[in-house]
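Novice: This one is coords-v6.cif, mmCIF, C-alpha atoms.
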```
data_start
#
loop_
_atom_site.label_atom_id
_atom_site.label_comp_id
_atom_site.auth_asym_id
_atom_site.auth_seq_id
_atom_site.Cartn_x
_atom_site.Cartn_y
_atom_site.Cartn_z
CA MET A 1 38.97 16.84 -7.66
CA THR A 2 39.03 16.48 -11.41
CA ASP A 3 40.95 14.10 -13.62
CA GLU A 4 42.97 16.98 -15.02
CA THR A 5 46.28 17.85 -13.40
CA CYS A 6 48.30 20.98 -13.98
CA GLN A 7 51.49 20.54 -15.93
CA TRP A 8 54.13 21.78 -13.52
CA ARG A 9 56.55 24.20 -15.14
CA ASP A 10 59.20 26.19 -13.32
CA TYR A 11 60.57 29.34 -14.92
CA GLY A 12 63.41 29.86 -12.47
CA GLY A 13 61.18 30.31 -9.41
CA TRP A 14 58.21 31.67 -11.40
CA GLN A 15 55.03 29.84 -12.37
CA ARG A 16 51.77 30.78 -13.96
CA TRP A 17 49.10 31.44 -11.37
CA ARG A 18 47.20 28.22 -12.01
CA GLU A 19 50.24 26.06 -11.35
CA ALA A 20 51.34 28.09 -8.34
CA ALA A 21 47.87 28.11 -6.77
CA GLU A 22 47.41 24.36 -7.31
CA ARG A 23 50.56 23.68 -5.30
CA ALA A 24 49.87 26.32 -2.64
CA LEU A 25 46.31 25.13 -2.00
CA TYR A 26 46.53 21.38 -2.49
CA GLY A 27 50.20 20.39 -2.56
CA PRO A 28 52.30 19.30 0.45
CA GLY A 29 51.56 21.70 3.30
CA GLY A 30 48.83 23.30 1.17
CA PHE A 31 46.28 25.68 2.63
CA TYR A 32 43.29 23.37 2.15
CA LEU A 33 45.06 20.46 3.78
CA SER A 34 45.58 22.31 7.07
CA PRO A 35 43.89 20.84 10.18
CA GLU A 36 41.58 23.81 10.79
CA GLY A 37 40.23 23.74 7.24
CA PRO A 38 38.47 26.60 5.48
CA ALA A 39 36.30 27.41 8.51
CA GLY A 40 39.42 28.58 10.32
CA HIS A 41 39.85 31.42 7.85
CA PHE A 42 36.53 32.49 6.36
CA ARG A 43 32.80 32.14 6.86
CA THR A 44 30.54 30.66 4.21
CA SER A 45 26.75 30.38 4.09
CA VAL A 46 27.10 26.96 5.72
CA HIS A 47 28.73 28.53 8.76
CA ALA A 48 26.41 31.56 8.82
CA SER A 49 23.24 29.67 9.70
CA PRO A 50 21.77 26.16 9.93
CA LEU A 51 19.01 27.50 7.70
CA PHE A 52 21.32 26.98 4.74
CA ALA A 53 21.73 23.26 5.41
CA ALA A 54 17.98 23.00 6.04
CA ALA A 55 17.33 24.57 2.63
CA VAL A 56 19.68 22.09 0.99
CA ALA A 57 17.88 19.29 2.83
CA LYS A 58 14.59 20.54 1.39
CA LEU A 59 16.13 20.67 -2.08
CA LEU A 60 17.41 17.11 -1.62
CA THR A 61 13.91 16.00 -0.69
CA GLU A 62 12.51 17.67 -3.81
CA VAL A 63 15.13 15.89 -5.93
CA ALA A 64 14.18 12.55 -4.36
CA ASP A 65 10.50 13.23 -5.06
CA GLY A 66 11.35 14.07 -8.66
CA LEU A 67 13.24 10.81 -9.01
CA GLY A 68 10.39 8.91 -7.41
CA THR A 69 12.56 7.37 -4.70
CA ASP A 70 13.11 7.44 -0.97
CA GLU A 71 16.82 6.57 -1.39
CA VAL A 72 18.96 9.40 -2.70
CA ALA A 73 22.61 10.43 -2.89
CA LEU A 74 24.00 13.74 -1.63
CA VAL A 75 27.40 14.62 -3.10
CA ASP A 76 29.05 17.60 -1.38
CA VAL A 77 31.86 18.77 -3.67
CA GLY A 78 34.44 20.82 -1.80
CA ALA A 79 33.14 19.46 1.49
CA GLY A 80 35.54 21.29 3.81
CA ARG A 81 35.32 19.40 7.06
CA GLY A 82 31.84 18.02 6.46
CA GLU A 83 29.87 20.91 7.94
CA LEU A 84 27.18 20.99 5.24
CA LEU A 85 26.80 17.21 5.18
CA THR A 86 26.37 17.15 8.95
CA GLY A 87 23.71 19.87 8.81
CA VAL A 88 21.77 18.29 5.95
CA LEU A 89 21.76 14.83 7.52
CA ALA A 90 20.31 16.36 10.68
CA ALA A 91 17.59 18.17 8.72
CA VAL A 92 16.31 15.55 6.26
CA PRO A 93 12.84 14.22 7.05
CA ASP A 94 12.23 10.76 8.46
CA GLY A 95 11.75 8.17 5.77
CA LEU A 96 14.32 9.59 3.36
CA SER A 97 17.44 7.43 3.12
CA VAL A 98 20.50 9.48 2.16
CA ARG A 99 23.81 8.18 0.82
CA PRO A 100 26.19 11.06 1.58
CA TYR A 101 29.54 11.67 -0.13
CA GLY A 102 32.12 14.25 0.93
CA VAL A 103 34.44 15.16 -1.96
CA GLU A 104 37.57 16.83 -0.58
CA ARG A 105 41.34 16.52 -0.91
CA ALA A 106 41.93 16.86 2.82
CA ALA A 107 41.82 13.81 5.09
CA ARG A 108 38.53 12.63 6.54
CA PRO A 109 37.70 14.75 9.61
CA GLU A 110 37.36 13.07 12.97
CA GLY A 111 33.86 12.53 14.30
CA LEU A 112 32.16 12.67 10.91
CA ASP A 113 28.96 10.65 10.54
CA PRO A 114 30.05 7.11 9.59
CA ARG A 115 27.49 7.07 6.77
CA VAL A 116 29.55 9.65 4.87
CA VAL A 117 31.79 8.27 2.11
CA TRP A 118 34.88 10.51 2.09
CA THR A 119 36.68 10.68 -1.25
CA ASP A 120 38.91 12.95 -3.33
CA ARG A 121 36.95 12.22 -6.53
CA VAL A 122 33.38 12.96 -7.52
CA PRO A 123 31.59 9.58 -7.45
CA ARG A 124 30.17 8.48 -10.77
CA GLY A 125 26.78 7.03 -11.56
CA VAL A 126 24.93 8.28 -8.49
CA ARG A 127 21.33 9.52 -8.41
CA GLY A 128 20.48 12.53 -6.31
CA LEU A 129 21.82 16.00 -5.54
CA LEU A 130 25.35 17.12 -6.34
CA PHE A 131 26.01 20.34 -4.41
CA ALA A 132 29.19 22.40 -4.82
CA ASN A 133 29.22 25.34 -2.41
CA GLU A 134 32.17 27.71 -2.96
CA TRP A 135 34.12 25.02 -4.78
CA LEU A 136 34.66 26.48 -8.24
CA ASP A 137 36.32 29.65 -6.91
CA ASN A 138 39.09 27.43 -5.54
CA VAL A 139 39.68 25.57 -8.80
CA PRO A 140 42.98 27.27 -9.77
CA VAL A 141 43.02 29.34 -12.94
CA ASP A 142 45.57 31.20 -15.00
CA VAL A 143 45.60 35.00 -14.99
CA ALA A 144 46.04 37.09 -18.13
CA GLN A 145 46.99 40.76 -18.52
CA VAL A 146 47.31 43.14 -21.45
CA ASP A 147 50.84 44.49 -21.88
CA GLU A 148 51.79 48.00 -23.03
CA ALA A 149 51.82 46.89 -26.68
CA GLY A 150 48.30 45.46 -26.43
CA ALA A 151 49.28 41.78 -26.32
CA VAL A 152 47.50 39.50 -23.84
CA ARG A 153 50.05 37.60 -21.75
CA TYR A 154 49.98 35.09 -18.92
CA VAL A 155 50.79 36.53 -15.51
CA GLU A 156 53.55 34.64 -13.71
CA VAL A 157 54.04 34.75 -9.95
CA GLN A 158 57.24 34.25 -7.97
CA THR A 159 57.09 31.13 -5.83
CA GLU A 160 60.56 31.06 -4.30
CA HIS A 161 62.66 33.41 -2.19
CA GLY A 162 66.05 34.42 -3.42
CA SER A 163 65.56 35.80 -6.93
CA GLU A 164 64.78 39.45 -7.34
CA ALA A 165 61.55 40.49 -8.99
CA GLY A 166 62.08 42.03 -12.41
CA SER A 167 60.87 45.42 -13.55
CA GLU A 168 57.66 43.86 -14.87
CA SER A 169 56.73 42.35 -11.52
CA GLY A 170 55.22 45.40 -9.87
CA THR A 171 55.79 46.68 -6.36
CA ARG A 172 56.19 43.48 -4.36
CA ALA A 173 59.40 41.53 -4.23
CA GLY A 174 59.92 37.88 -3.33
CA VAL A 175 57.16 35.28 -3.15
CA GLY A 176 53.95 36.71 -4.60
CA ALA A 177 55.63 39.17 -6.97
CA GLU A 178 54.32 39.12 -10.52
CA ARG A 179 55.64 39.53 -14.05
CA LEU A 180 54.22 39.04 -17.54
CA GLY A 181 55.09 35.85 -19.39
CA GLU A 182 54.18 34.28 -22.71
CA VAL A 183 51.42 35.51 -25.01
CA VAL A 184 48.12 33.69 -24.44
CA ARG A 185 47.25 31.46 -27.39
CA GLY A 186 45.11 28.45 -28.27
CA PRO A 187 42.08 27.39 -26.18
CA ASP A 188 42.84 29.94 -23.44
CA ALA A 189 42.85 32.78 -26.00
CA GLU A 190 39.61 31.47 -27.47
CA TRP A 191 38.03 31.36 -24.01
CA LEU A 192 39.04 34.98 -23.34
CA GLU A 193 37.73 36.16 -26.69
CA ARG A 194 34.35 34.56 -26.03
CA TRP A 195 33.89 35.17 -22.33
CA TRP A 196 36.23 37.91 -21.09
CA PRO A 197 37.70 40.00 -23.93
CA LEU A 198 40.49 42.34 -22.84
CA GLY A 199 41.37 45.67 -24.40
CA GLU A 200 43.37 48.34 -22.62
CA PRO A 201 46.91 47.84 -21.25
CA GLY A 202 46.78 46.72 -17.62
CA GLU A 203 43.40 45.02 -17.88
CA ARG A 204 43.36 41.54 -16.33
CA ALA A 205 41.20 38.45 -16.41
CA GLU A 206 41.08 35.04 -14.80
CA ILE A 207 40.88 32.37 -17.52
CA GLY A 208 38.00 30.20 -16.34
CA ARG A 209 38.42 27.30 -18.74
CA ALA A 210 39.64 24.94 -15.98
CA ARG A 211 36.49 25.68 -13.97
CA ASP A 212 34.26 25.03 -16.97
CA GLU A 213 35.94 21.64 -17.41
CA ALA A 214 35.69 20.82 -13.69
CA TRP A 215 31.96 21.57 -13.67
CA SER A 216 31.34 19.63 -16.88
CA ASP A 217 33.10 16.63 -15.37
CA ALA A 218 31.11 16.89 -12.13
CA VAL A 219 27.77 17.07 -13.95
CA ALA A 220 28.72 14.12 -16.15
CA ALA A 221 29.32 12.02 -13.02
CA LEU A 222 25.67 12.35 -12.00
CA GLU A 223 23.39 9.68 -13.49
CA ALA A 224 20.18 11.50 -12.57
CA GLY A 225 19.08 14.30 -10.29
CA LEU A 226 20.25 17.87 -9.90
CA ALA A 227 23.69 19.50 -9.95
CA VAL A 228 24.10 22.84 -8.14
CA ALA A 229 27.11 25.15 -7.98
CA VAL A 230 27.00 28.10 -5.57
CA ASP A 231 29.66 30.78 -5.78
CA TYR A 232 30.40 34.45 -5.94
CA GLY A 233 30.76 35.29 -9.57
CA HIS A 234 30.04 37.55 -12.51
CA VAL A 235 28.68 37.38 -16.04
CA ARG A 236 29.80 38.93 -19.29
CA GLY A 237 28.88 42.60 -19.31
CA SER A 238 29.84 43.01 -15.66
CA ARG A 239 33.35 41.58 -15.58
CA PRO A 240 35.75 43.46 -13.28
CA PRO A 241 38.39 45.17 -15.46
CA PHE A 242 41.33 44.09 -13.31
CA GLY A 243 40.20 40.63 -12.20
CA THR A 244 39.37 39.44 -8.70
CA LEU A 245 42.30 37.30 -7.58
CA THR A 246 42.84 37.75 -3.84
CA GLY A 247 43.83 35.96 -0.64
CA PHE A 248 42.13 35.31 2.72
CA ARG A 249 43.69 34.45 6.03
CA SER A 250 42.07 34.36 9.49
CA GLY A 251 38.97 36.14 8.29
CA ARG A 252 40.80 38.99 6.56
CA GLU A 253 41.51 39.74 2.91
CA VAL A 254 45.25 39.68 2.22
CA GLU A 255 47.61 39.85 -0.74
CA PRO A 256 47.46 36.62 -2.77
CA VAL A 257 50.74 34.85 -2.05
CA PRO A 258 51.15 31.22 -3.22
CA ASP A 259 53.02 29.92 -0.19
CA GLY A 260 50.26 27.87 1.49
CA SER A 261 49.60 30.48 4.19
CA CYS A 262 46.34 31.83 2.75
CA ASP A 263 43.38 30.97 0.61
CA LEU A 264 43.74 31.92 -3.07
CA THR A 265 40.44 32.67 -4.71
CA ALA A 266 38.87 34.50 -7.63
CA HIS A 267 35.27 35.10 -8.62
CA VAL A 268 33.76 32.65 -11.10
CA ALA A 269 32.63 33.46 -14.65
CA MET A 270 29.34 31.71 -13.96
CA ASP A 271 27.82 32.20 -17.40
CA ALA A 272 30.81 30.44 -18.96
CA VAL A 273 30.42 27.57 -16.51
CA ALA A 274 26.69 27.38 -17.27
CA SER A 275 27.39 27.07 -20.98
CA VAL A 276 29.17 23.71 -20.56
CA GLY A 277 26.73 22.12 -18.13
CA GLY A 278 24.21 21.20 -20.81
CA PRO A 279 20.56 22.11 -21.48
CA GLY A 280 18.31 23.22 -18.66
CA SER A 281 20.93 25.18 -16.75
CA GLU A 282 19.56 28.11 -14.73
CA LEU A 283 21.45 30.93 -13.02
CA VAL A 284 19.79 32.83 -10.15
CA THR A 285 20.96 34.73 -7.10
CA GLN A 286 21.16 33.00 -3.73
CA ARG A 287 18.49 35.41 -2.55
CA GLU A 288 16.06 34.02 -5.13
CA ALA A 289 17.15 30.38 -4.72
CA LEU A 290 16.73 30.38 -0.95
CA ARG A 291 13.38 32.15 -1.10
CA ARG A 292 12.15 29.38 -3.38
CA LEU A 293 13.20 26.98 -0.62
CA GLY A 294 11.34 28.89 2.06
CA VAL A 295 14.17 30.93 3.55
CA SER A 296 12.94 34.48 4.12
CA GLY A 297 14.23 37.38 6.17
CA GLU A 298 10.75 38.61 7.04
CA ARG A 299 10.27 39.50 10.70
CA PRO A 300 7.65 37.58 12.71
CA PRO A 301 4.41 39.43 13.53
CA LEU A 302 4.54 41.50 16.69
CA SER A 303 1.38 39.76 17.89
CA LEU A 304 3.51 36.64 18.45
CA ALA A 305 5.60 38.55 21.00
CA SER A 306 2.64 38.77 23.36
CA SER A 307 1.06 35.40 22.63
CA ASP A 308 4.28 33.35 22.71
CA PRO A 309 7.38 35.40 23.64
CA ALA A 310 9.79 32.46 23.38
CA ALA A 311 8.56 31.57 19.89
CA TYR A 312 8.85 35.23 18.89
CA VAL A 313 12.49 35.37 19.99
CA ARG A 314 13.28 32.17 18.07
CA ALA A 315 11.49 33.43 14.96
CA LEU A 316 13.27 36.78 15.20
CA ALA A 317 16.68 35.08 15.41
CA SER A 318 15.80 32.88 12.44
CA ALA A 319 14.71 35.91 10.43
CA GLY A 320 18.03 37.60 11.19
CA GLU A 321 19.97 34.58 9.97
CA ALA A 322 17.81 34.37 6.86
CA ALA A 323 18.37 38.06 6.19
CA GLU A 324 22.14 37.51 6.25
CA LEU A 325 21.90 34.58 3.84
CA THR A 326 19.79 36.61 1.39
CA ALA A 327 21.26 40.09 1.86
CA ARG A 328 21.93 42.28 -1.16
CA GLY A 329 25.59 43.17 -1.34
CA GLY A 330 26.44 40.05 0.66
CA LEU A 331 25.64 36.35 0.63
CA GLY A 332 22.39 36.97 -1.19
CA ASP A 333 24.33 38.05 -4.28
CA PHE A 334 26.02 34.68 -4.64
CA LEU A 335 24.94 32.88 -7.80
CA TRP A 336 23.30 29.46 -7.89
CA LEU A 337 23.81 27.47 -11.08
CA THR A 338 21.38 24.56 -11.31
CA ARG A 339 21.44 21.82 -13.91
CA PRO A 340 18.90 18.96 -13.95
CA VAL A 341 20.30 15.63 -15.12
CA GLY A 342 18.33 12.73 -16.60
#
```
Could you write out this file's structure as structure tokens?

Specialist:
Amino acid sequence: MTDETCQWRDYGGWQRWREAAERALYGPGGFYLSPEGPAGHFRTSVHASPLFAAAVAKLLTEVADGLGTDEVALVDVGAGRGELLTGVLAAVPDGLSVRPYGVERAARPEGLDPRVVWTDRVPRGVRGLLFANEWLDNVPVDVAQVDEAGAVRYVEVQTEHGSEAGSESGTRAGVGAERLGEVVRGPDAEWLERWWPLGEPGERAEIGRARDEAWSDAVAALEAGLAVAVDYGHVRGSRPPFGTLTGFRSGREVEPVPDGSCDLTAHVAMDAVASVGGPGSELVTQREALRRLGVSGERPPLSLASSDPAAYVRALASAGEAAELTARGGLGDFLWLTRPVG
């Protein structure tokens, strides 16, 4: 969903992780092009509760008010099968005209609201809210690792059956095995030095430069309004020493294998992404962001149980859903990067 394409290089059945993941996720037969979509394999905040879409609808309304208009665009980047768009359109108040865009590489899902413009590119020149929920973590990145001599090298992954994994590739053989390749140089090395410096042999990092560029491009497409990226991530000072690359299939974490059978994901260096978005960027937890939008996990007063039992049950269920969306150690720890435009 950016103008940049990976240069495809084959080292005898081995590729760098960014190239391999690009093909496994978005190439022919890729994971994200499957009929069931992401919802068939993992649960996001969108799927956890309609409160999330309602909060985005409130944010969209605030953006429209800030722009002084009752006609506003909603650009859902990494739209899945349109779940968030459907929920927001159902929750926006009467009188607000929404022009919805679903940005996704998969084909348009059946039954989607006909108002939705389905595209594989972020539309340019729109005014409104650009919302990217769990998109950046699926922008493929290269992986780097420190070798025994202290040099930082690209990690290559085996993408074809038939050739044996070398001694550098670790314990797995066949597709998904790893080995160390060329020394990291140039812009990638500069990115690591600034955002994720590596030291000891065996330490790993995901080089987030491609995500920075994808976010910068998405923000630049917005003429005026607010750009928001929501993802699980980390900031410098709390980087995981061995990276976060992993796979998901049917709701379970699995070994990351670039064969199209599983999601391939890694946490986002959100402070690096924020640095390219321009002035005014803010980084807060989902817990804080949703509370600002009125989503709270507070239980309803017990007095409501006697005065209106049905309302109490509904409020209790809503509080439970809100608690999941804002929970520490869970969805509440996701990071929201906001960037006002114009």

Novice: Report the centre and edge lengths, in Å to one decimal, of an axis-aligned box enclosing every atom of segment 229-248 of chain A listed in the file, padded by 8 Å on each side, as AutoDock Vina command-line options.

Specialist:
```
--center_x 35.4 --center_y 35.2 --center_z -8.3 --size_x 32.8 --size_y 36.0 --size_z 38.0
```

Novice: Since I can't run it myself right now, could you work out what the PyMOL selection byres ((chain A and resi 122-130) around 7) selects here and report it as a PyMOL selection string?

Specialist: chain A and resi 1+60+63-64+72-76+103+120-121+131-132+218+221-228

Novice: Just give me the gap between atom CA of Pro28 of chain A and atom CA of Leu112 of chain A in Å, one decimal is fine.

Specialist: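 Between atom CA of Pro28 of chain A and atom CA of Leu112 of chain A the gap works out to 23.6 Å.
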
Novice: Give me, please, the distance in Å between atom CA of Ala20 of chain A and atom CA of Glu134 of chain A, quoted to one decimal.

Specialist: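 Separation of atom CA of Ala20 of chain A and atom CA of Glu134 of chain A: 19.9 Å.
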
Novice: Return as a list of chain:residue names the set of residues that the PyMOL selection byres ((chain A and resi 17) around 9) yields on the displayed structure.

Specialist: A:Gln15, A:Arg16, A:Arg18, A:Glu19, A:Ala20, A:Ala21, A:Glu22, A:Pro140, A:Val141, A:Asp142, A:Val143, A:Tyr154, A:Val155, A:Glu156, A:Val157, A:Pro258

Novice: Apply the PyMOL selection byres ((chain A and resi 196) around 12) to the structure shown and report the selected residues as an MDAnalysis selection string.

Specialist: chainID A and resid 143:145 152 188:195 197:199 203:209 234:243 268:272
